[in-house]
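**Student:** Encoded as structure tokens, here's the structure I'll be asking about.
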Amino acid sequence: MVRVTLPPDLWHHYGRARAEHDRAIPGAFHWIWSQDSGPGPEALGDLTGKVVCDLGAGAARHAAHLAAHYQPARIVAVDASPAQCEMATDLYGHLAPGLRIVPCDAVSHLRTAAGAYDVIYSVFGAVDFTAPHELLPAAAAALRPGGRLVFSTLAHYLNGAPAQPDPVAVDLPVKTPAGEAATMRRWVLQEHVWVKALDEAGFSSIVTEMLPSAVDGPRMADTLLVTAARQARTQPTPTSPVRSLST
């Protein structure tokens, strides 16, 4: 018998303090880092009757808001953290079957969901913590032709350092549930790096928008909001239209 040792859940603590006193379905959806202003779900397009996937959903607060207010056919909230999925189920399990909570890493889930989704999104979620060369092609394959990928990510590091000019990650210090030191990989990339990676993965109509932080203070950051569509053709083209917006 082979014993499988699971890696420690590095997200075991995240959001627990809030869940103790805030169990409501959120009344708003925000893309920016401070989660208090800026664009809302309109970036996702009309969700009525659509099948939607939240990658790195955490406690599924964004997914719960969409399920309750935007009439999708179904929202699948995916997260690799058992603790986060348990918390999401406790908070919003009553929204089933419209909201489905799936404990799985993003790439593995997407690879089993070819052509399943109309919209895939990530709010500082799995897109930030998964190698782009693995996640973006898997997302393209999981979208129906013309389907939309939307994600918000850090425009620079929380200490103010600029984003990476190449598709490389940094190791962030974290602690395991047992209090032991560990690291977590995060991709904080410049705008042109994301555009190139999306184009190579089979996306077109790529739009990027820089959203300045609405507040000042330590560990505040500007947000890069990225929207792209799966190309209708099976092969990516090198001349995908790219448009950049700034505020």
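Ordering of the structure tokens sets the chain letters (A, B, ...); residue numbers start at 1 within each chain; ligands are numbered from 1 in the order shown.
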With a cut-off of 9 Å, could you pull out the residues of segment 106-191 of chain A touching segment 77-90 of chain A and give me the nearest pair of atoms for each, distance in Å to one decimal, using only C-alpha atoms, ordered by chain and ascending number, as a tab-separated table?
**Tutor:**
residue	atom	partner	partner_atom	distance
A:Ala106	CA	A:Val78	CA	6.6
A:His109	CA	A:Val78	CA	7.8
A:Gly125	CA	A:Asp79	CA	8.7
A:Ala126	CA	A:Asp79	CA	7.8
**Student:** Would you mind listing what lies within 9 Å of Met184 of chain A as a list in words, with only C-alpha atoms counted and same-chain residues fewer than 5 positions away left out?
**Tutor:** Leu10, Phe129, Val170, Asp171, Leu172, Pro173 and Val174 of chain A
**Student:** How would the residues just chosen look if you wrote them out with N, CA and C atoms as a CSV table (one decimal), in the first residue's frame?
**Tutor:**
chain,number,residue,atom,x,y,z
A,10,LEU,N,-1.5,25.8,2.6
A,10,LEU,CA,-1.0,27.1,3.0
A,10,LEU,C,-2.0,28.3,3.0
A,129,PHE,N,-1.2,32.5,-8.8
A,129,PHE,CA,-0.4,31.5,-8.1
A,129,PHE,C,-0.1,30.3,-8.9
A,170,VAL,N,8.1,34.7,-7.8
A,170,VAL,CA,8.8,34.9,-6.6
A,170,VAL,C,8.3,34.0,-5.6
A,171,ASP,N,9.1,33.6,-4.6
A,171,ASP,CA,8.7,32.8,-3.5
A,171,ASP,C,8.4,33.7,-2.3
A,172,LEU,N,7.1,33.6,-1.8
A,172,LEU,CA,6.7,34.4,-0.7
A,172,LEU,C,6.8,33.6,0.6
A,173,PRO,N,7.2,34.1,1.7
A,173,PRO,CA,7.3,33.4,2.9
A,173,PRO,C,5.9,33.2,3.5
A,174,VAL,N,5.5,32.0,3.9
A,174,VAL,CA,4.3,31.7,4.6
A,174,VAL,C,4.5,30.7,5.7
**Student:** Have a look at atom CA of Gln190 of chain A and atom CA of Leu143 of chain A and let me know their distance in Å, one decimal.
**Tutor:**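 About the pair atom CA of Gln190 of chain A and atom CA of Leu143 of chain A: they are 24.5 Å apart.
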**Student:** To test your reading of the structure, identify every residue in segment 47-211 of chain A that backbone DSSP assigns to alpha helix (DSSP H), and report it as a PyMOL selection string.
**Tutor:** chain A and resi 61-69+82-92+106-111+132-142+191-201
**Student:** Could you pull the residues within 10 Å of segment 112-114 of chain A, counting only C-alpha atoms, minus those fewer than 6 positions along the same chain, as a VMD selection string?
**Tutor:** chain A and resid 138 to 144
**Student:** I want to know what sits within 6 Å of segment 202-204 of chain A, based on only C-alpha atoms, with residues of the same chain fewer than 2 positions away left out; could you give that as number ranges by chain?
**Tutor:** A: 198-200, 206, 228-231, 236, 240
**Student:** Do you have, as CSV, the list of residues of segment 132-168 of chain A lying at most 12 Å from segment 20-35 of chain A, each with its nearest atom pair and that distance in Å to one decimal, counting only C-alpha atoms and ordered by chain then number?
**Tutor:**
residue,atom,partner,partner_atom,distance
A:Val150,CA,A:Trp31,CA,9.9
A:Phe151,CA,A:Trp31,CA,8.1
A:Ser152,CA,A:Trp31,CA,6.0
A:Thr153,CA,A:Trp33,CA,8.1
A:Leu154,CA,A:Trp33,CA,7.5
A:Ala155,CA,A:Trp33,CA,9.8
A:His156,CA,A:Trp33,CA,11.2
A:Tyr157,CA,A:Trp33,CA,11.6
A:Leu158,CA,A:Trp33,CA,10.1
**Student:** Write the residues you've just listed into a file as a PDB file, in the first residue's frame, and include N, CA and C atoms for each of them.
**Tutor:**
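Output contents, as saved in out.pdb:
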ATOM      1  N   VAL A 150     -11.335  36.720 -17.620  1.00  0.00           N
ATOM      2  CA  VAL A 150     -11.128  38.017 -16.978  1.00  0.00           C
ATOM      3  C   VAL A 150     -10.408  37.774 -15.657  1.00  0.00           C
ATOM      4  N   PHE A 151      -9.349  38.532 -15.405  1.00  0.00           N
ATOM      5  CA  PHE A 151      -8.678  38.382 -14.109  1.00  0.00           C
ATOM      6  C   PHE A 151      -8.069  39.691 -13.658  1.00  0.00           C
ATOM      7  N   SER A 152      -8.030  39.856 -12.337  1.00  0.00           N
ATOM      8  CA  SER A 152      -7.303  40.975 -11.743  1.00  0.00           C
ATOM      9  C   SER A 152      -6.084  40.420 -11.033  1.00  0.00           C
ATOM     10  N   THR A 153      -4.991  41.159 -11.150  1.00  0.00           N
ATOM     11  CA  THR A 153      -3.714  40.731 -10.596  1.00  0.00           C
ATOM     12  C   THR A 153      -2.953  41.963 -10.124  1.00  0.00           C
ATOM     13  N   LEU A 154      -1.940  41.760  -9.320  1.00  0.00           N
ATOM     14  CA  LEU A 154      -1.148  42.884  -8.833  1.00  0.00           C
ATOM     15  C   LEU A 154      -0.401  43.547  -9.978  1.00  0.00           C
ATOM     16  N   ALA A 155      -0.476  44.868 -10.050  1.00  0.00           N
ATOM     17  CA  ALA A 155       0.281  45.611 -11.055  1.00  0.00           C
ATOM     18  C   ALA A 155       1.727  45.811 -10.633  1.00  0.00           C
ATOM     19  N   HIS A 156       2.005  45.636  -9.361  1.00  0.00           N
ATOM     20  CA  HIS A 156       3.367  45.713  -8.823  1.00  0.00           C
ATOM     21  C   HIS A 156       3.360  44.996  -7.480  1.00  0.00           C
ATOM     22  N   TYR A 157       4.511  44.788  -6.917  1.00  0.00           N
ATOM     23  CA  TYR A 157       4.586  44.111  -5.621  1.00  0.00           C
ATOM     24  C   TYR A 157       4.036  44.999  -4.508  1.00  0.00           C
ATOM     25  N   LEU A 158       3.612  44.376  -3.429  1.00  0.00           N
ATOM     26  CA  LEU A 158       3.020  45.119  -2.319  1.00  0.00           C
ATOM     27  C   LEU A 158       4.020  46.042  -1.632  1.00  0.00           C
TER      28      LEU A 158
END
**Student:** From the options A:Leu66, A:Leu95, A:Leu135, A:Val102, which residue's atoms come nearest to Pro41 of chain A, counting only C-alpha atoms?
**Tutor:**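 Of all the options, A:Leu66 lies closest to Pro41 of chain A.
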**Student:** Considering only strand (DSSP E or B) as DSSP defines it on the backbone, what residues of segment 18-154 of chain A qualify? List them as a PDB file with C-alpha atoms, in the first residue's frame.
**Tutor:**
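Wrote part_16.pdb, looks like this:
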ATOM      1  CA  VAL A  51     -21.688  28.680 -17.133  1.00  0.00           C
ATOM      2  CA  VAL A  52     -19.000  30.478 -15.120  1.00  0.00           C
ATOM      3  CA  CYS A  53     -15.837  29.396 -13.318  1.00  0.00           C
ATOM      4  CA  ASP A  54     -14.078  31.218 -10.456  1.00  0.00           C
ATOM      5  CA  LEU A  55     -10.425  30.127 -10.286  1.00  0.00           C
ATOM      6  CA  ARG A  74     -24.141  27.725 -12.841  1.00  0.00           C
ATOM      7  CA  ILE A  75     -21.024  29.051 -11.143  1.00  0.00           C
ATOM      8  CA  VAL A  76     -18.227  26.629 -10.298  1.00  0.00           C
ATOM      9  CA  ALA A  77     -15.968  27.925  -7.530  1.00  0.00           C
ATOM     10  CA  VAL A  78     -12.612  26.108  -7.697  1.00  0.00           C
ATOM     11  CA  ASP A  79      -9.947  26.234  -5.012  1.00  0.00           C
ATOM     12  CA  LEU A  99     -23.134  27.536  -6.971  1.00  0.00           C
ATOM     13  CA  ARG A 100     -20.903  24.473  -7.000  1.00  0.00           C
ATOM     14  CA  ILE A 101     -17.771  24.402  -4.836  1.00  0.00           C
ATOM     15  CA  VAL A 102     -14.961  22.218  -6.191  1.00  0.00           C
ATOM     16  CA  PRO A 103     -11.820  21.348  -4.176  1.00  0.00           C
ATOM     17  CA  TYR A 117     -17.358  27.405 -19.668  1.00  0.00           C
ATOM     18  CA  ASP A 118     -18.633  30.635 -21.150  1.00  0.00           C
ATOM     19  CA  VAL A 119     -16.699  32.787 -18.661  1.00  0.00           C
ATOM     20  CA  ILE A 120     -13.670  32.119 -16.453  1.00  0.00           C
ATOM     21  CA  TYR A 121     -12.467  34.701 -13.959  1.00  0.00           C
ATOM     22  CA  SER A 122      -9.965  35.143 -11.142  1.00  0.00           C
ATOM     23  CA  VAL A 123      -9.822  37.930  -8.555  1.00  0.00           C
ATOM     24  CA  LEU A 143     -13.708  27.974 -22.667  1.00  0.00           C
ATOM     25  CA  ARG A 144     -16.169  27.693 -25.501  1.00  0.00           C
ATOM     26  CA  PRO A 145     -15.086  29.528 -28.691  1.00  0.00           C
ATOM     27  CA  GLY A 146     -15.450  33.232 -28.009  1.00  0.00           C
ATOM     28  CA  GLY A 147     -15.620  32.618 -24.254  1.00  0.00           C
ATOM     29  CA  ARG A 148     -14.146  35.214 -21.951  1.00  0.00           C
ATOM     30  CA  LEU A 149     -11.283  35.114 -19.443  1.00  0.00           C
ATOM     31  CA  VAL A 150     -11.128  38.017 -16.978  1.00  0.00           C
ATOM     32  CA  PHE A 151      -8.678  38.382 -14.109  1.00  0.00           C
ATOM     33  CA  SER A 152      -7.303  40.975 -11.743  1.00  0.00           C
ATOM     34  CA  THR A 153      -3.714  40.731 -10.596  1.00  0.00           C
ATOM     35  CA  LEU A 154      -1.148  42.884  -8.833  1.00  0.00           C
TER      36      LEU A 154
END
**Student:** Which distance in Å separates atom CA of Gly58 of chain A and atom CA of Gly160 of chain A, to one decimal?
**Tutor:**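 About the pair atom CA of Gly58 of chain A and atom CA of Gly160 of chain A: they are 25.1 Å apart.
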**Student:** Just give me the gap between atom CA of Ala59 of chain A and atom CA of Gly45 of chain A in Å, one decimal is fine.
**Tutor:** 22.9 Å
**Student:** Using only C-alpha atoms, which residues sit within 12 Å of Asn159 of chain A once same-chain residues fewer than 3 positions away are excluded, as a count of residues only?
**Tutor:** 11
**Student:** Find, counting only C-alpha atoms, the residue in A:Ala64, A:Gly38, A:Thr208, A:Val188 that gets nearest to Leu91 of chain A.
**Tutor:**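 Among A:Ala64, A:Gly38, A:Thr208, A:Val188, it is A:Ala64 that comes nearest to Leu91 of chain A.
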**Student:** Can you work out which one of A:Gly49, A:Pro72, A:Pro132, A:Gly115 has the shortest atom-to-atom distance to Val168 of chain A, counting only C-alpha atoms?
**Tutor:**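 Result for the nearest residue to Val168 of chain A: A:Pro132.
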**Student:** Of the candidates A:Asp36, A:Asp216, A:Glu191, A:Asp105, which one gets nearest to Ala57 of chain A if we count only C-alpha atoms?
**Tutor:** A:Asp105
